[in-house]
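Okay, structure20.tsv is below, TSV, C-alpha atoms:
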chain	number	residue	atom	x	y	z
L	93	MET	CA	124.18	-24.61	-90.89
L	94	GLY	CA	125.25	-20.99	-90.53
L	95	LEU	CA	122.62	-18.33	-89.98
L	96	GLU	CA	123.35	-16.68	-93.31
L	97	LEU	CA	122.72	-19.94	-95.18
L	98	PHE	CA	119.65	-20.62	-93.05
L	99	PHE	CA	118.04	-17.32	-94.01
L	100	ARG	CA	119.00	-17.76	-97.68
L	101	ASN	CA	117.26	-21.12	-97.68
L	102	LEU	CA	114.27	-19.68	-95.85
L	103	LYS	CA	113.93	-16.95	-98.48
L	104	TYR	CA	114.16	-19.58	-101.24
L	105	LEU	CA	111.44	-21.67	-99.67
L	106	ALA	CA	109.23	-18.66	-99.15
L	107	ARG	CA	109.66	-17.56	-102.74
L	108	TYR	CA	109.29	-20.87	-104.57
L	109	ASN	CA	107.94	-23.71	-102.44
L	110	LEU	CA	105.31	-21.62	-100.66
L	111	LYS	CA	104.39	-19.89	-103.90
L	112	GLY	CA	103.71	-23.27	-105.50
L	113	MET	CA	101.69	-24.44	-102.53
L	114	TYR	CA	99.75	-21.20	-102.56
L	115	ASN	CA	98.81	-21.44	-106.25
L	116	ALA	CA	97.64	-25.04	-105.86
L	117	THR	CA	95.22	-24.47	-103.00
L	118	SER	CA	91.62	-23.36	-102.77
L	119	ASP	CA	90.64	-19.73	-102.15
L	120	ASP	CA	89.93	-20.39	-98.46
L	121	THR	CA	93.21	-22.23	-97.96
L	122	GLN	CA	95.07	-19.50	-99.86
L	123	ALA	CA	93.66	-16.87	-97.56
L	124	ARG	CA	94.62	-18.88	-94.48
L	125	LEU	CA	98.12	-19.58	-95.82
L	126	LYS	CA	98.62	-15.92	-96.65
L	127	SER	CA	97.46	-14.94	-93.17
L	128	GLU	CA	99.75	-17.47	-91.48
L	129	LEU	CA	102.73	-16.48	-93.63
L	130	THR	CA	102.12	-12.81	-92.84
L	131	LEU	CA	101.97	-13.58	-89.12
L	132	MET	CA	105.21	-15.56	-89.38
L	133	MET	CA	106.91	-12.67	-91.17
L	134	ASP	CA	105.65	-10.16	-88.61
L	135	ASN	CA	106.92	-12.19	-85.68
L	136	LEU	CA	110.22	-13.30	-87.21
L	137	PRO	CA	112.69	-12.68	-84.38
L	138	TRP	CA	115.40	-10.38	-85.72
L	139	GLU	CA	117.69	-11.87	-83.05
L	140	LEU	CA	118.19	-14.87	-85.35
L	141	GLU	CA	120.06	-12.69	-87.83
L	142	GLN	CA	123.78	-12.06	-87.52
L	143	MET	CA	123.37	-8.45	-86.42
L	144	PRO	CA	124.00	-6.49	-83.22
L	145	HIS	CA	120.76	-5.92	-81.36
L	146	PRO	CA	120.67	-2.66	-79.43
L	147	ASN	CA	118.23	-2.00	-76.64
L	148	VAL	CA	115.58	0.16	-78.30
L	149	LEU	CA	112.66	1.40	-76.21
L	150	SER	CA	109.17	1.33	-77.72
L	151	ALA	CA	107.27	4.50	-78.63
L	152	GLN	CA	105.36	4.50	-75.35
L	153	GLU	CA	108.51	3.81	-73.36
L	154	THR	CA	110.27	6.64	-75.18
L	155	VAL	CA	107.56	9.12	-74.20
L	156	GLU	CA	107.75	7.97	-70.59
L	157	ALA	CA	111.55	8.33	-70.60
L	158	LEU	CA	111.25	11.91	-71.88
L	159	LEU	CA	108.80	12.69	-69.09
L	160	ALA	CA	110.88	11.01	-66.41
L	161	ASN	CA	114.17	12.77	-67.24
L	162	ASP	CA	113.88	16.54	-67.63
L	163	LYS	CA	117.43	16.66	-69.01
L	164	LEU	CA	116.85	14.20	-71.83
L	165	SER	CA	117.04	15.53	-75.39
L	166	LEU	CA	116.03	13.48	-78.43
L	167	CYS	CA	117.70	13.10	-81.84
L	168	ARG	CA	115.67	10.96	-84.21
L	169	PHE	CA	116.86	8.75	-87.08
L	170	GLY	CA	114.20	7.66	-89.53
L	171	ASP	CA	114.81	6.29	-93.01
L	172	GLY	CA	115.54	9.80	-94.33
L	173	GLU	CA	118.33	10.40	-91.83
L	174	ILE	CA	119.74	6.89	-92.24
L	175	TYR	CA	119.88	7.01	-96.04
L	176	LEU	CA	121.36	10.49	-96.02
L	177	ALA	CA	123.98	9.56	-93.43
L	178	PHE	CA	125.15	6.36	-95.12
L	179	LYS	CA	124.31	6.86	-98.79
L	180	ASN	CA	124.21	10.67	-98.95
L	181	GLN	CA	120.77	10.23	-100.47
L	182	ALA	CA	118.57	13.29	-100.85
L	183	GLY	CA	115.02	13.30	-99.48
L	184	VAL	CA	111.87	15.38	-99.62
L	185	PHE	CA	113.17	17.92	-97.09
L	186	GLN	CA	116.90	17.92	-97.72
L	187	ARG	CA	119.34	17.71	-100.61
L	188	SER	CA	122.34	15.42	-100.22
L	189	ASP	CA	125.11	17.00	-98.17
L	190	SER	CA	128.29	15.22	-97.12
L	191	LYS	CA	128.84	17.52	-94.14
L	192	LEU	CA	125.33	16.80	-92.85
L	193	ALA	CA	125.97	13.08	-93.39
L	194	ASP	CA	129.09	13.34	-91.22
L	195	GLU	CA	127.22	15.21	-88.49
L	196	LEU	CA	124.46	12.61	-88.49
L	197	LYS	CA	127.02	9.84	-88.01
L	198	ALA	CA	128.55	11.79	-85.13
L	199	VAL	CA	125.14	11.96	-83.45
L	200	LEU	CA	124.70	8.20	-83.87
L	201	SER	CA	128.02	7.68	-82.11
L	202	SER	CA	127.00	9.76	-79.09
L	203	ARG	CA	127.16	8.14	-75.68
L	204	ASP	CA	125.91	11.15	-73.74
L	205	PRO	CA	123.23	9.89	-71.30
L	206	ASN	CA	121.27	13.13	-71.68
L	207	ILE	CA	121.13	12.92	-75.48
L	208	GLY	CA	118.72	10.24	-76.58
L	209	VAL	CA	119.46	8.75	-79.99
L	210	ALA	CA	116.33	7.30	-81.57
L	211	VAL	CA	116.13	4.63	-84.26
L	212	PRO	CA	113.08	2.70	-85.51
L	213	TYR	CA	112.00	0.23	-82.83
L	214	HIS	CA	110.36	-2.00	-85.43
L	215	MET	CA	113.62	-2.74	-87.20
L	216	TYR	CA	114.29	-5.09	-84.29
L	217	HIS	CA	110.85	-6.16	-83.07
L	218	SER	CA	107.59	-7.70	-84.24
L	219	LEU	CA	105.57	-5.71	-86.77
L	220	THR	CA	102.15	-6.84	-85.59
L	221	GLU	CA	101.10	-3.52	-84.04
L	222	LEU	CA	101.80	-1.58	-87.25
L	223	ASN	CA	99.36	-0.85	-90.05
L	224	ASP	CA	99.73	-2.65	-93.39
L	225	ASN	CA	101.69	0.14	-95.10
L	226	GLN	CA	104.26	0.31	-92.32
L	227	ARG	CA	104.58	-3.45	-92.05
L	228	PHE	CA	105.36	-3.63	-95.76
L	229	PHE	CA	107.88	-0.79	-95.38
L	230	TYR	CA	109.83	-2.49	-92.59
L	231	ARG	CA	109.69	-5.90	-94.25
L	232	THR	CA	111.33	-4.46	-97.37
L	233	THR	CA	113.76	-1.93	-95.87
L	234	GLY	CA	114.46	-3.08	-92.31
L	235	GLN	CA	117.36	-5.38	-93.04
L	236	GLY	CA	119.18	-2.80	-95.17
L	237	MET	CA	118.82	-0.10	-92.54
L	238	ARG	CA	119.96	-2.42	-89.76
L	239	GLN	CA	123.07	-3.22	-91.76
L	240	MET	CA	123.88	0.46	-92.19
L	241	LEU	CA	123.47	1.15	-88.47
L	242	GLN	CA	125.24	-2.01	-87.34
L	243	SER	CA	128.69	-0.57	-86.60
L	244	TYR	CA	127.32	2.58	-84.93
L	245	LEU	CA	124.90	1.18	-82.38
L	246	ALA	CA	126.22	-0.36	-79.16
L	247	GLN	CA	124.52	-3.37	-77.65
L	248	ASP	CA	125.10	-2.04	-74.14
L	249	TRP	CA	123.47	1.35	-74.76
L	250	ARG	CA	119.85	2.48	-74.57
L	251	TYR	CA	118.19	3.87	-77.67
L	252	TYR	CA	114.75	5.36	-78.23
L	253	ASP	CA	112.04	4.95	-80.84
L	254	THR	CA	112.09	7.30	-83.81
L	255	ASN	CA	108.42	6.58	-84.43
L	256	CYS	CA	107.26	7.96	-81.10
L	257	SER	CA	106.32	11.12	-83.01
L	258	MET	CA	103.92	9.55	-85.52
L	259	PRO	CA	101.54	7.12	-83.78
L	260	TYR	CA	98.44	7.70	-85.93
L	261	HIS	CA	100.25	6.91	-89.17
L	262	LEU	CA	101.94	3.79	-87.82
L	263	PHE	CA	99.98	1.99	-85.14
L	264	THR	CA	96.64	0.22	-85.23
L	265	SER	CA	95.95	-0.75	-81.64
L	266	ILE	CA	96.87	1.96	-79.17
L	267	ASP	CA	94.80	4.54	-77.31
L	268	PHE	CA	95.71	7.56	-79.42
L	269	ALA	CA	93.98	10.08	-77.16
L	270	ALA	CA	95.90	8.86	-74.11
L	271	TYR	CA	99.15	8.73	-76.06
L	272	TYR	CA	98.93	12.33	-77.31
L	273	GLN	CA	97.80	13.55	-73.91
L	274	ARG	CA	100.79	11.91	-72.28
L	275	PHE	CA	103.20	13.33	-74.85
L	276	ALA	CA	101.74	16.82	-74.37
L	277	GLN	CA	102.75	16.76	-70.70
L	278	LEU	CA	106.20	17.76	-71.95
L	279	TRP	CA	104.96	21.28	-72.75
L	280	ALA	CA	101.57	21.66	-71.03
L	281	GLY	CA	101.53	24.94	-69.07
L	282	LYS	CA	105.15	25.73	-70.01
L	283	ASP	CA	106.97	28.36	-72.04
L	284	ILE	CA	108.57	26.61	-74.99
L	285	VAL	CA	110.44	27.27	-78.22
L	286	ILE	CA	109.50	25.68	-81.55
L	287	ILE	CA	112.06	25.72	-84.35
L	288	CYS	CA	110.41	24.92	-87.68
L	289	GLY	CA	109.66	26.04	-91.22
L	290	LYS	CA	107.33	29.02	-91.55
L	291	THR	CA	104.51	27.02	-93.12
L	292	VAL	CA	104.50	23.95	-90.87
L	293	PHE	CA	101.45	25.07	-88.89
L	294	SER	CA	99.63	26.87	-91.70
L	295	LYS	CA	97.43	23.88	-92.56
L	296	ILE	CA	96.99	22.57	-89.03
L	297	SER	CA	93.56	23.15	-87.49
L	298	HIS	CA	94.18	21.13	-84.30
L	299	ASN	CA	97.45	22.23	-82.73
L	300	ILE	CA	98.83	19.78	-80.18
L	301	PHE	CA	100.98	22.58	-78.72
L	302	ASP	CA	97.94	24.68	-77.71
L	303	SER	CA	98.37	23.52	-74.12
L	304	ALA	CA	101.71	25.34	-73.82
L	305	ARG	CA	101.65	28.57	-71.80
L	306	SER	CA	103.57	30.40	-74.53
L	307	VAL	CA	105.42	29.53	-77.73
L	308	LYS	CA	108.36	31.37	-79.24
L	309	TYR	CA	108.94	30.46	-82.88
L	310	ILE	CA	112.28	30.37	-84.65
L	311	TYR	CA	111.85	29.86	-88.37
L	312	GLY	CA	114.18	28.04	-90.70
L	313	PRO	CA	113.91	27.07	-94.38
L	314	ARG	CA	111.08	24.64	-95.18
L	315	VAL	CA	113.57	22.60	-97.26
L	316	ASN	CA	117.36	22.31	-97.07
L	317	ALA	CA	117.36	23.76	-93.57
L	318	TYR	CA	120.90	22.53	-93.07
L	319	ASP	CA	122.03	25.51	-95.18
L	320	LYS	CA	121.18	27.65	-92.14
L	321	ILE	CA	122.27	25.25	-89.39
L	322	ASP	CA	124.81	27.63	-87.88
L	323	GLU	CA	122.34	30.52	-87.70
L	324	LEU	CA	119.63	28.27	-86.26
L	325	THR	CA	122.05	26.93	-83.66
L	326	GLU	CA	122.98	30.45	-82.63
L	327	GLN	CA	119.35	31.57	-82.38
L	328	GLY	CA	118.45	28.52	-80.32
L	329	MET	CA	121.37	29.08	-77.98
L	330	GLN	CA	120.21	32.67	-77.38
L	331	THR	CA	116.89	31.55	-75.92
L	332	ASP	CA	116.20	30.72	-72.27
L	333	PRO	CA	117.93	27.39	-71.45
L	334	GLU	CA	114.97	26.53	-69.21
L	335	GLN	CA	112.64	26.47	-72.21
L	336	ILE	CA	112.51	23.18	-74.12
L	337	LYS	CA	113.22	23.43	-77.84
L	338	PHE	CA	110.92	21.35	-80.07
L	339	ILE	CA	112.33	21.04	-83.57
L	340	ILE	CA	110.52	20.29	-86.87
L	341	LEU	CA	113.11	20.59	-89.66
L	342	GLY	CA	113.55	17.27	-91.43
L	343	GLN	CA	117.02	15.76	-91.22
L	344	THR	CA	118.42	19.03	-89.89
L	345	ALA	CA	116.35	18.62	-86.72
L	346	THR	CA	118.45	15.61	-85.69
L	347	VAL	CA	121.69	17.58	-85.84
L	348	LEU	CA	120.22	20.79	-84.43
L	349	ALA	CA	118.81	18.97	-81.40
L	350	TYR	CA	122.23	17.46	-80.80
L	351	ARG	CA	124.04	20.80	-81.10
L	352	LEU	CA	121.64	22.54	-78.73
L	353	ALA	CA	121.79	19.68	-76.23
L	354	LYS	CA	125.58	19.87	-76.25
L	355	GLY	CA	125.21	23.59	-75.56
L	356	GLY	CA	123.16	23.02	-72.40
L	357	HIS	CA	119.62	23.30	-73.81
L	358	ARG	CA	117.02	20.55	-73.80
L	359	ALA	CA	116.05	19.94	-77.43
L	360	ILE	CA	113.60	17.38	-78.83
L	361	ASP	CA	113.35	16.50	-82.50
L	362	ILE	CA	109.58	16.19	-82.64
L	363	GLY	CA	109.27	15.15	-86.29
L	364	HIS	CA	105.75	14.92	-87.72
L	365	LEU	CA	103.95	14.91	-84.36
L	366	ALA	CA	101.97	18.11	-84.98
L	367	LYS	CA	100.75	16.91	-88.39
L	368	ASP	CA	100.10	13.42	-87.07
L	369	TYR	CA	97.94	14.75	-84.21
L	370	ASN	CA	96.02	16.96	-86.63
L	371	SER	CA	95.37	13.99	-88.94
L	372	TRP	CA	94.08	11.96	-86.02
L	373	GLN	CA	91.75	14.74	-84.92
L	374	LEU	CA	90.41	15.07	-88.47
L	375	LYS	CA	90.14	11.27	-88.81
L	376	GLU	CA	91.99	11.43	-92.11
L	377	PRO	CA	92.42	8.07	-93.85
L	378	VAL	CA	95.77	6.36	-93.48
L	379	SER	CA	95.76	5.41	-97.15
L	380	PHE	CA	98.65	5.27	-99.60
L	381	THR	CA	97.47	8.46	-101.34
L	382	HIS	CA	97.06	10.31	-98.06
L	383	ILE	CA	100.42	9.17	-96.73
L	384	ALA	CA	102.21	10.43	-99.86
L	385	LYS	CA	100.61	13.83	-99.29
L	386	PHE	CA	101.34	13.70	-95.55
L	387	TYR	CA	105.07	13.23	-96.16
L	388	ASP	CA	105.26	16.00	-98.76
L	389	LYS	CA	106.80	19.39	-98.00
L	390	ASP	CA	104.72	21.64	-95.75
Could you render the structure from this file as structure tokens?
Amino acid sequence: MGLELFFRNLKYLARYNLKGMYNATSDDTQARLKSELTLMMDNLPWELEQMPHPNVLSAQETVEALLANDKLSLCRFGDGEIYLAFKNQAGVFQRSDSKLADELKAVLSSRDPNIGVAVPYHMYHSLTELNDNQRFFYRTTGQGMRQMLQSYLAQDWRYYDTNCSMPYHLFTSIDFAAYYQRFAQLWAGKDIVIICGKTVFSKISHNIFDSARSVKYIYGPRVNAYDKIDELTEQGMQTDPEQIKFIILGQTATVLAYRLAKGGHRAIDIGHLAKDYNSWQLKEPVSFTHIAKFYDKD
């Protein structure tokens, strides 16, 4: 039996046979069956599918790699970047743009050892360490995203975890304080540059970048920042190459980090890290309503 037929049959059984078994059992047995089925789904080895399987470091491993290599930049691909690149699909922070889509694909194709390309680790690994919302997300979207990335990711290349920048809103069982403290070693006591929208930090009461010695801000549009990509690239290039650039600009951050890295600057697409750290400090609920607000425009 081919793998494609195997998985089609597995999906059929899960949908019909298990559903019938589930409806015919007692409440206690239903709960146990649901728990066991969930565990099976979370641990389903993606290696069984007919897909390439790149070497993707975990979030913690990604942070350690950034600390170990002071030349390493980071360009992150989350669902927003993937859907824009391959479907030219607009998102909260960026309208559809075919030129941006082409640049994103060029970043994915990079084999520069000092430019880290990050994709979601949990598209290829067990979901057990994720919260319920994220587990549902990857169960329903993971296969489609893997298929889109398939021809761009090399099995003999190292990739990094996109979700390194959002631990509080994804994980359930890590030491958040230690994680943030370790991440902050990238800028603690250093002069850095942050490239972001003007309002990103306006609602943040606990700033993870407070441990930096100094921060120079370069502001771009809060939405559709790709409209100003050339100007932002030029401004970034005019700063001290010894100062790390941390970028918070939606899908544009992926391309801007790549451009600056190619120009000799270390640039890290930091995503939602500042907001994520603030949420953790405030102990905000990781509920569906809160998450929708969290992902909205700053």
Pick from L:Leu200, L:Val155, L:Leu324, L:Leu245, whichever lies nearest to Cys167 in chain L using all atoms listed in the file: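 Distance minimum relative to Cys167 in chain L lands on L:Leu200.
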Please report the interatomic distance between CA of Thr346 in chain L and CA of Ile266 in chain L in Å with one decimal.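 Taking CA of Thr346 in chain L as the start and CA of Ile266 in chain L as the end point, the length is 26.4 Å.
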What is the distance, in Å and to one decimal place, between CA of Trp249 in chain L and CA of Gly208 in chain L? 10.2 Å
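Counting all atoms listed in the file, the residue from L:Ile287, L:Ile174, L:Val199, L:Leu192 that sits nearest to Arg238 in chain L is L:Ile174.
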Of the listed residues L:Leu241, L:Ala246, L:Val285, L:Val211, that which approaches Gln330 in chain L most closely, counting only C-alpha atoms: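 Closest to Gln330 in chain L, using only C-alpha atoms: L:Val285.
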Of the listed residues L:Arg314, L:Arg168, L:Lys354, L:Lys320, that which approaches Val209 in chain L most closely, counting all atoms listed in the file: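 Smallest separation from Val209 in chain L among the options: L:Arg168.
A straight line drawn from CA of Gly289 in chain L to CA of Gly312 in chain L is 5.0 Å long.
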Residue contacts of Ile300 in chain L (12 Å, only C-alpha atoms) excluding same-chain residues fewer than 6 positions away, as a compact mmCIF listing (two decimals) with C-alpha atoms, keeping the file's coordinate frame:
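Below is the file that was written, part.txt:
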# COMPACT_ATOMS: atom_id res chain seq x y z
CA SER L 257 106.32 11.12 -83.01
CA ALA L 269 93.98 10.08 -77.16
CA TYR L 271 99.15 8.73 -76.06
CA TYR L 272 98.93 12.33 -77.31
CA GLN L 273 97.80 13.55 -73.91
CA ARG L 274 100.79 11.91 -72.28
CA PHE L 275 103.20 13.33 -74.85
CA ALA L 276 101.74 16.82 -74.37
CA GLN L 277 102.75 16.76 -70.70
CA LEU L 278 106.20 17.76 -71.95
CA TRP L 279 104.96 21.28 -72.75
CA ALA L 280 101.57 21.66 -71.03
CA PHE L 293 101.45 25.07 -88.89
CA ILE L 362 109.58 16.19 -82.64
CA HIS L 364 105.75 14.92 -87.72
CA LEU L 365 103.95 14.91 -84.36
CA ALA L 366 101.97 18.11 -84.98
CA LYS L 367 100.75 16.91 -88.39
CA ASP L 368 100.10 13.42 -87.07
CA TYR L 369 97.94 14.75 -84.21
CA ASN L 370 96.02 16.96 -86.63
CA SER L 371 95.37 13.99 -88.94
CA TRP L 372 94.08 11.96 -86.02
CA GLN L 373 91.75 14.74 -84.92
Nearest to Pro313 in chain L: which of L:Phe185, L:Arg203, L:Pro333, L:Glu326 is it, counting all atoms listed in the file?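 Between L:Phe185, L:Arg203, L:Pro333, L:Glu326, the residue approaching Pro313 in chain L most closely is L:Phe185.
If you measure from each of L:Asp322, L:Gly356, L:Ile284, L:Asn316 to Leu164 in chain L using all atoms listed in the file, the closest one turns out to be L:Gly356.
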